[in-house]
Amino acid sequence: MNHLWRKKKFFLGGLFTLLLFVLMHSLIQSGLVSRHIQSLSVPVGLNMILALSLFLLVGMLGELSLGHAGFMSIGAYAGGLFSKAMVQVIPVWIRFPLALCVGALVAALLALLLSVPVFRLKGDYLAIVTLAFGEIVRSLVINLPFTGGAAGLKGIPKDTSFSFLYWIVVFTIWLTMWIYSSKIGLEWRAIRDNAIAAEACGIPVVSRKRTAFVVTASLAGVAGVLYSHHYSILTAEVFGFNRSIEVLVMVVLGGLESAIATAVSAFFLTIAPEMLRFLNQYRMLIYSLVLIIVMIGRNTQWEKPKWFQQRRENA
Amino acid sequence: MAFVIAMINGINLGSIYALIALGYTMVYGIAKMLNFAHGDVIMAGALSVVVLVQQFHVHPALSIFISVIFCVALGVLTEKIAYKPLRNSSSLSVLITAIGVSYLMQNLAQILFGSSLRSFPKVFRWPSVILGSVEFKMDRVITIVVTFILMFFVLWFVYRTKIGLAMRAVAQDREAAMLMGVPIDRIISITFAIGAALAAVAGFFYGVAYGFVGPYSGSMPGIKAFTAAVFGGIGSIPGAILGGFLLGLAESMVKTFISSELSDAIVFGLLIVVLLIKPTGLLGKEIRDKV
């Protein structure tokens, strides 16, 4: 019974994503959607991927990372340089998937290198090392000879199409949900809830943390490749500390418990600044106020109004 | 020669970092939170000096006291309004709230004073002291001397007064301190007030050293001082001082002798290496997990 229901849910979910894709694609093709909204689809999709990938680390494993944008930057530059070099050699339908793999692999490799020593540290120390890592990446990218320096890396082929982006977002959501309910996701959540108890149950804590870190980084790398192949120009400043924070805010406001909630939170927090554009200079002010109020409101134990309590007692 | 100048610049920068790092480390030790808005208090302090001197023609020496009072009010107010309701929530919620407060301060400053950099008033007009072939700029000397005085004051306050004892008790075990009759709320407010006052002074000297202040000027020194606090072992007051000076010296040395563009990368790389050798920072205490 349960098995059948799961199959049905999977089928329905697949049908829904397919229909949504056809709807959005035809809307864009027919020109019914303004260019402005169309151009918003890219940051929305990218932020969804970034937030979901960070959700794996912060939500499921309970480790804080402040250098997520660093991995995105590495993926963006690795994929961008690869595509630039191969633009004459390989046709686009092989080149772009290859670039995605290159970006993901390079980011994963660096994450693996960083993770070997890093998980000897705990809590806020991990946060500070990832912060330092992000700053190092930014500083190196500006000064390395082959990244275009402060002026930026130009002339990356514009390979990111709407359908590509859409399906990668769908894949990321599916992957996150799958990991969440899989054995490894269960182990991550056990580590989050109580690392000592998890270790006592025979879960190799450090190795599991390392896996989570690498998966997170490679997904961020994929987002980076998508970014570089959409905007075609890269500068190091785009991937600064503020971007890492922006993604972290999305994850935390998503509630740290579900992949879908994270994706929805990323969606709304990306379009919110656009919706608030009429506020002009007060836009970010309102945004920060809302952020503070939401955080305080969510963590306050609201007392139920008197009339409500009385009614309950009477009933 | 170049070495001595780099030394002096490093100690100057280090004293600014140490002042900021003290605020980070005290708040972390006592309220158990990473106060990401601390960097913006520096900016608020420096900008208020600029506004007071340029628009209200207040004497610079007086302006520093007004800016300290302003920052203390700001620090205590944000603690009461934004952080106090979250005292018992997860550290992640508090972190995000602090980030919200940081955005709020930056954007308020931008709306009120514009996003462009403002030039910091020339406060110290006294001539430099020349010893042999080395020139000691007066502003550097004053920064270092004032920092040392303030640091000894903080150490005296924390380790020799009754309020300091209460602070250390709260840092050690909040609930036990509460049971012993320590007024937690007041102690945390005092901690924020001291941190903000030190940040205001640091902001003043930052403005003196760099000459320009804008709404986003606080974030980079904030991040670096945070790094310094971790470097020395977060929660440890002597550690923050040591970390601040070491970070300032390292940055200045790298800028002078290796590469000024890569200085950030090298300094942050150094931090990672130190943390790998000594995972709780230079003077941090090792905390054993209790089951």
# chains A, B, ... in the order shown; residues from 1 in each chain; ligands from 1
$ closest_atom_pairs --of "chain B" --to "chain A" --cutoff "6 Å" --atoms "only C-alpha atoms" --output "JSON lines"
{"residue": "B:Thr97", "atom": "CA", "partner": "A:Ile292", "partner_atom": "CA", "distance": 5.2}
{"residue": "B:Gly100", "atom": "CA", "partner": "A:Ser288", "partner_atom": "CA", "distance": 4.9}
{"residue": "B:Tyr103", "atom": "CA", "partner": "A:Ser288", "partner_atom": "CA", "distance": 5.8}
{"residue": "B:Leu104", "atom": "CA", "partner": "A:Ser288", "partner_atom": "CA", "distance": 5.3}
{"residue": "B:Asn107", "atom": "CA", "partner": "A:Leu285", "partner_atom": "CA", "distance": 5.6}
{"residue": "B:Ala265", "atom": "CA", "partner": "A:Ile136", "partner_atom": "CA", "distance": 4.3}
{"residue": "B:Phe268", "atom": "CA", "partner": "A:Ala132", "partner_atom": "CA", "distance": 5.3}
{"residue": "B:Pro279", "atom": "CA", "partner": "A:Leu121", "partner_atom": "CA", "distance": 5.8}
$ write_last_selection --atoms "N, CA, C and O atoms" --output "mmCIF file, in the first residue's frame"
data_model
loop_
_atom_site.group_PDB
_atom_site.id
_atom_site.type_symbol
_atom_site.label_atom_id
_atom_site.label_comp_id
_atom_site.auth_asym_id
_atom_site.auth_seq_id
_atom_site.Cartn_x
_atom_site.Cartn_y
_atom_site.Cartn_z
ATOM 1 N N THR B 97 19.627 37.013 12.765
ATOM 2 C CA THR B 97 19.122 38.291 13.271
ATOM 3 C C THR B 97 20.240 39.323 13.301
ATOM 4 O O THR B 97 20.038 40.479 12.913
ATOM 5 N N GLY B 100 20.714 40.599 9.994
ATOM 6 C CA GLY B 100 19.660 41.564 9.690
ATOM 7 C C GLY B 100 19.959 42.923 10.294
ATOM 8 O O GLY B 100 19.818 43.953 9.637
ATOM 9 N N TYR B 103 22.630 44.615 8.204
ATOM 10 C CA TYR B 103 22.060 45.207 6.980
ATOM 11 C C TYR B 103 21.317 46.487 7.304
ATOM 12 O O TYR B 103 21.406 47.479 6.586
ATOM 13 N N LEU B 104 20.574 46.442 8.415
ATOM 14 C CA LEU B 104 19.760 47.591 8.802
ATOM 15 C C LEU B 104 20.642 48.812 9.047
ATOM 16 O O LEU B 104 20.382 49.899 8.532
ATOM 17 N N ASN B 107 22.155 50.138 5.774
ATOM 18 C CA ASN B 107 21.220 50.834 4.894
ATOM 19 C C ASN B 107 20.721 52.131 5.502
ATOM 20 O O ASN B 107 20.495 53.106 4.775
ATOM 21 N N ALA B 265 44.472 37.023 1.185
ATOM 22 C CA ALA B 265 44.530 35.576 0.982
ATOM 23 C C ALA B 265 45.539 34.944 1.928
ATOM 24 O O ALA B 265 45.279 33.918 2.557
ATOM 25 N N PHE B 268 44.331 35.125 5.687
ATOM 26 C CA PHE B 268 43.275 34.155 5.966
ATOM 27 C C PHE B 268 43.810 32.723 5.880
ATOM 28 O O PHE B 268 43.382 31.843 6.623
ATOM 29 N N PRO B 279 43.156 23.768 17.226
ATOM 30 C CA PRO B 279 41.762 23.954 16.811
ATOM 31 C C PRO B 279 40.949 24.925 17.648
ATOM 32 O O PRO B 279 39.906 25.373 17.197
#
$ residues_around --residues "stretch 74-82 of chain A" --least-positions-apart "5" --cutoff "7 Å" --atoms "only C-alpha atoms" --output "VMD selection string"
chain A and resid 99 to 100 102 to 104 106 to 107 156 221 to 222 224 to 225 227 to 229
$ write_last_selection --atoms "N, CA and C atoms" --output "mmCIF file, in the first residue's frame"
data_model
loop_
_atom_site.group_PDB
_atom_site.id
_atom_site.type_symbol
_atom_site.label_atom_id
_atom_site.label_comp_id
_atom_site.auth_asym_id
_atom_site.auth_seq_id
_atom_site.Cartn_x
_atom_site.Cartn_y
_atom_site.Cartn_z
ATOM 1 N N ALA A 99 31.080 21.095 -19.218
ATOM 2 C CA ALA A 99 31.464 22.243 -18.388
ATOM 3 C C ALA A 99 30.836 22.126 -17.004
ATOM 4 N N LEU A 100 29.577 21.676 -16.965
ATOM 5 C CA LEU A 100 28.912 21.479 -15.675
ATOM 6 C C LEU A 100 29.681 20.466 -14.829
ATOM 7 N N VAL A 102 32.853 19.692 -15.134
ATOM 8 C CA VAL A 102 34.148 20.260 -14.740
ATOM 9 C C VAL A 102 33.975 21.158 -13.525
ATOM 10 N N GLY A 103 32.960 22.049 -13.581
ATOM 11 C CA GLY A 103 32.717 22.963 -12.451
ATOM 12 C C GLY A 103 32.434 22.202 -11.179
ATOM 13 N N ALA A 104 31.555 21.192 -11.284
ATOM 14 C CA ALA A 104 31.184 20.420 -10.095
ATOM 15 C C ALA A 104 32.403 19.679 -9.547
ATOM 16 N N VAL A 106 35.718 20.301 -9.929
ATOM 17 C CA VAL A 106 36.765 21.142 -9.346
ATOM 18 C C VAL A 106 36.333 21.635 -7.970
ATOM 19 N N ALA A 107 35.055 22.065 -7.875
ATOM 20 C CA ALA A 107 34.553 22.517 -6.567
ATOM 21 C C ALA A 107 34.591 21.371 -5.561
ATOM 22 N N ILE A 156 32.543 34.203 -22.143
ATOM 23 C CA ILE A 156 32.137 32.819 -21.923
ATOM 24 C C ILE A 156 30.889 32.576 -22.770
ATOM 25 N N GLY A 221 29.069 24.421 -7.197
ATOM 26 C CA GLY A 221 29.865 24.545 -8.420
ATOM 27 C C GLY A 221 28.989 24.522 -9.656
ATOM 28 N N VAL A 222 27.982 23.639 -9.667
ATOM 29 C CA VAL A 222 27.054 23.573 -10.800
ATOM 30 C C VAL A 222 26.334 24.915 -10.955
ATOM 31 N N GLY A 224 27.435 27.727 -10.086
ATOM 32 C CA GLY A 224 28.419 28.670 -10.612
ATOM 33 C C GLY A 224 28.558 28.563 -12.118
ATOM 34 N N VAL A 225 28.612 27.327 -12.635
ATOM 35 C CA VAL A 225 28.733 27.138 -14.081
ATOM 36 C C VAL A 225 27.514 27.725 -14.785
ATOM 37 N N TYR A 227 25.677 30.098 -13.766
ATOM 38 C CA TYR A 227 25.794 31.551 -13.671
ATOM 39 C C TYR A 227 26.714 32.091 -14.760
ATOM 40 N N SER A 228 27.908 31.492 -14.855
ATOM 41 C CA SER A 228 28.891 32.046 -15.784
ATOM 42 C C SER A 228 28.431 31.890 -17.234
ATOM 43 N N HIS A 229 27.678 30.821 -17.525
ATOM 44 C CA HIS A 229 27.247 30.623 -18.906
ATOM 45 C C HIS A 229 25.944 31.347 -19.222
#
$ select_by_dssp --residues "stretch 29-213 of chain B" --states "alpha helix (DSSP H)" --output "ChimeraX atom specification"
/B:29-31,38-55,60-78,91-113,138-160,162-172,174-179,184-210
$ closest_residue --among "B:Ser63, B:Thr280, B:Gln54, B:Thr78" --to "B:Gly233" --atoms "only C-alpha atoms"
B:Thr280
$ residues_around --residues "A:Glu257" --least-positions-apart "6" --cutoff "9 Å" --atoms "only C-alpha atoms" --output "JSON list (two decimals) with all heavy atoms, in the first residue's frame"
[["chain", "number", "residue", "atom", "x", "y", "z"],
["A", 55, "PHE", "N", 21.35, 23.77, 2.15],
["A", 55, "PHE", "CA", 20.41, 23.10, 3.06],
["A", 55, "PHE", "C", 20.96, 21.73, 3.48],
["A", 55, "PHE", "O", 20.80, 21.32, 4.63],
["A", 55, "PHE", "CB", 19.06, 22.97, 2.36],
["A", 55, "PHE", "CG", 18.10, 22.02, 3.05],
["A", 55, "PHE", "CD1", 17.50, 22.37, 4.25],
["A", 55, "PHE", "CD2", 17.82, 20.78, 2.51],
["A", 55, "PHE", "CE1", 16.63, 21.52, 4.88],
["A", 55, "PHE", "CE2", 16.96, 19.91, 3.13],
["A", 55, "PHE", "CZ", 16.37, 20.28, 4.32],
["A", 59, "GLY", "N", 20.99, 22.50, 7.10],
["A", 59, "GLY", "CA", 19.74, 21.94, 7.58],
["A", 59, "GLY", "C", 19.88, 20.51, 8.05],
["A", 59, "GLY", "O", 19.45, 20.15, 9.13],
["A", 60, "MET", "N", 20.48, 19.67, 7.19],
["A", 60, "MET", "CA", 20.52, 18.25, 7.51],
["A", 60, "MET", "C", 21.66, 17.90, 8.44],
["A", 60, "MET", "O", 21.51, 17.15, 9.39],
["A", 60, "MET", "CB", 20.67, 17.43, 6.23],
["A", 60, "MET", "CG", 19.38, 17.29, 5.47],
["A", 60, "MET", "SD", 19.61, 16.00, 4.24],
["A", 60, "MET", "CE", 18.72, 16.70, 2.91]]
$ residues_around --residues "B:Val201" --least-positions-apart "4" --cutoff "7 Å" --atoms "only C-alpha atoms" --output "ChimeraX atom specification"
/B:68,197,205
$ atom_distance --atom1 "atom CA of B:Leu13" --atom2 "atom CA of A:Thr235"
28.7 Å
$ closest_residue --among "A:Phe96, A:Trp167, A:Phe11, A:Phe268" --to "A:Lys84" --atoms "only C-alpha atoms"
A:Phe96
$ closest_residue --among "B:Thr25, B:Ser90, B:Ser102, B:Ser263" --to "B:His38" --atoms "only C-alpha atoms"
B:Ser102
$ residues_around --residues "B:Ala199" --least-positions-apart "4" --cutoff "9 Å" --atoms "only C-alpha atoms" --output "list in words"
Ile16, Leu19, Ile20, Ala21, Leu22, Gly23, His38, Gly39, Asp40, Val41, Ile42, Met43, Gly45, Val68, Cys71, Ile194, Gly195, Gly203 and Phe204 of chain B
$ write_last_selection --atoms "C-alpha atoms" --output "short mmCIF file (atom, residue, chain, number, x, y, z; two decimals), in the first residue's frame"
data_model
loop_
_atom_site.label_atom_id
_atom_site.label_comp_id
_atom_site.auth_asym_id
_atom_site.auth_seq_id
_atom_site.Cartn_x
_atom_site.Cartn_y
_atom_site.Cartn_z
CA ILE B 16 42.41 48.66 15.95
CA LEU B 19 39.81 46.79 20.14
CA ILE B 20 37.17 45.37 17.81
CA ALA B 21 38.07 41.76 18.59
CA LEU B 22 37.62 42.44 22.31
CA GLY B 23 33.99 43.33 21.64
CA HIS B 38 29.63 44.58 15.58
CA GLY B 39 31.54 45.73 12.49
CA ASP B 40 28.82 48.22 11.70
CA VAL B 41 29.07 49.79 15.14
CA ILE B 42 32.62 50.77 14.09
CA MET B 43 31.18 52.42 11.03
CA GLY B 45 31.21 55.47 15.47
CA VAL B 68 31.21 56.65 22.21
CA CYS B 71 27.56 53.73 20.00
CA ILE B 194 31.69 47.87 26.67
CA GLY B 195 31.97 46.20 23.28
CA GLY B 203 36.12 53.34 14.48
CA PHE B 204 37.66 56.68 15.35
#
$ atom_distance --atom1 "atom CA of B:Arg140" --atom2 "atom CA of B:Gly207"
12.0 Å
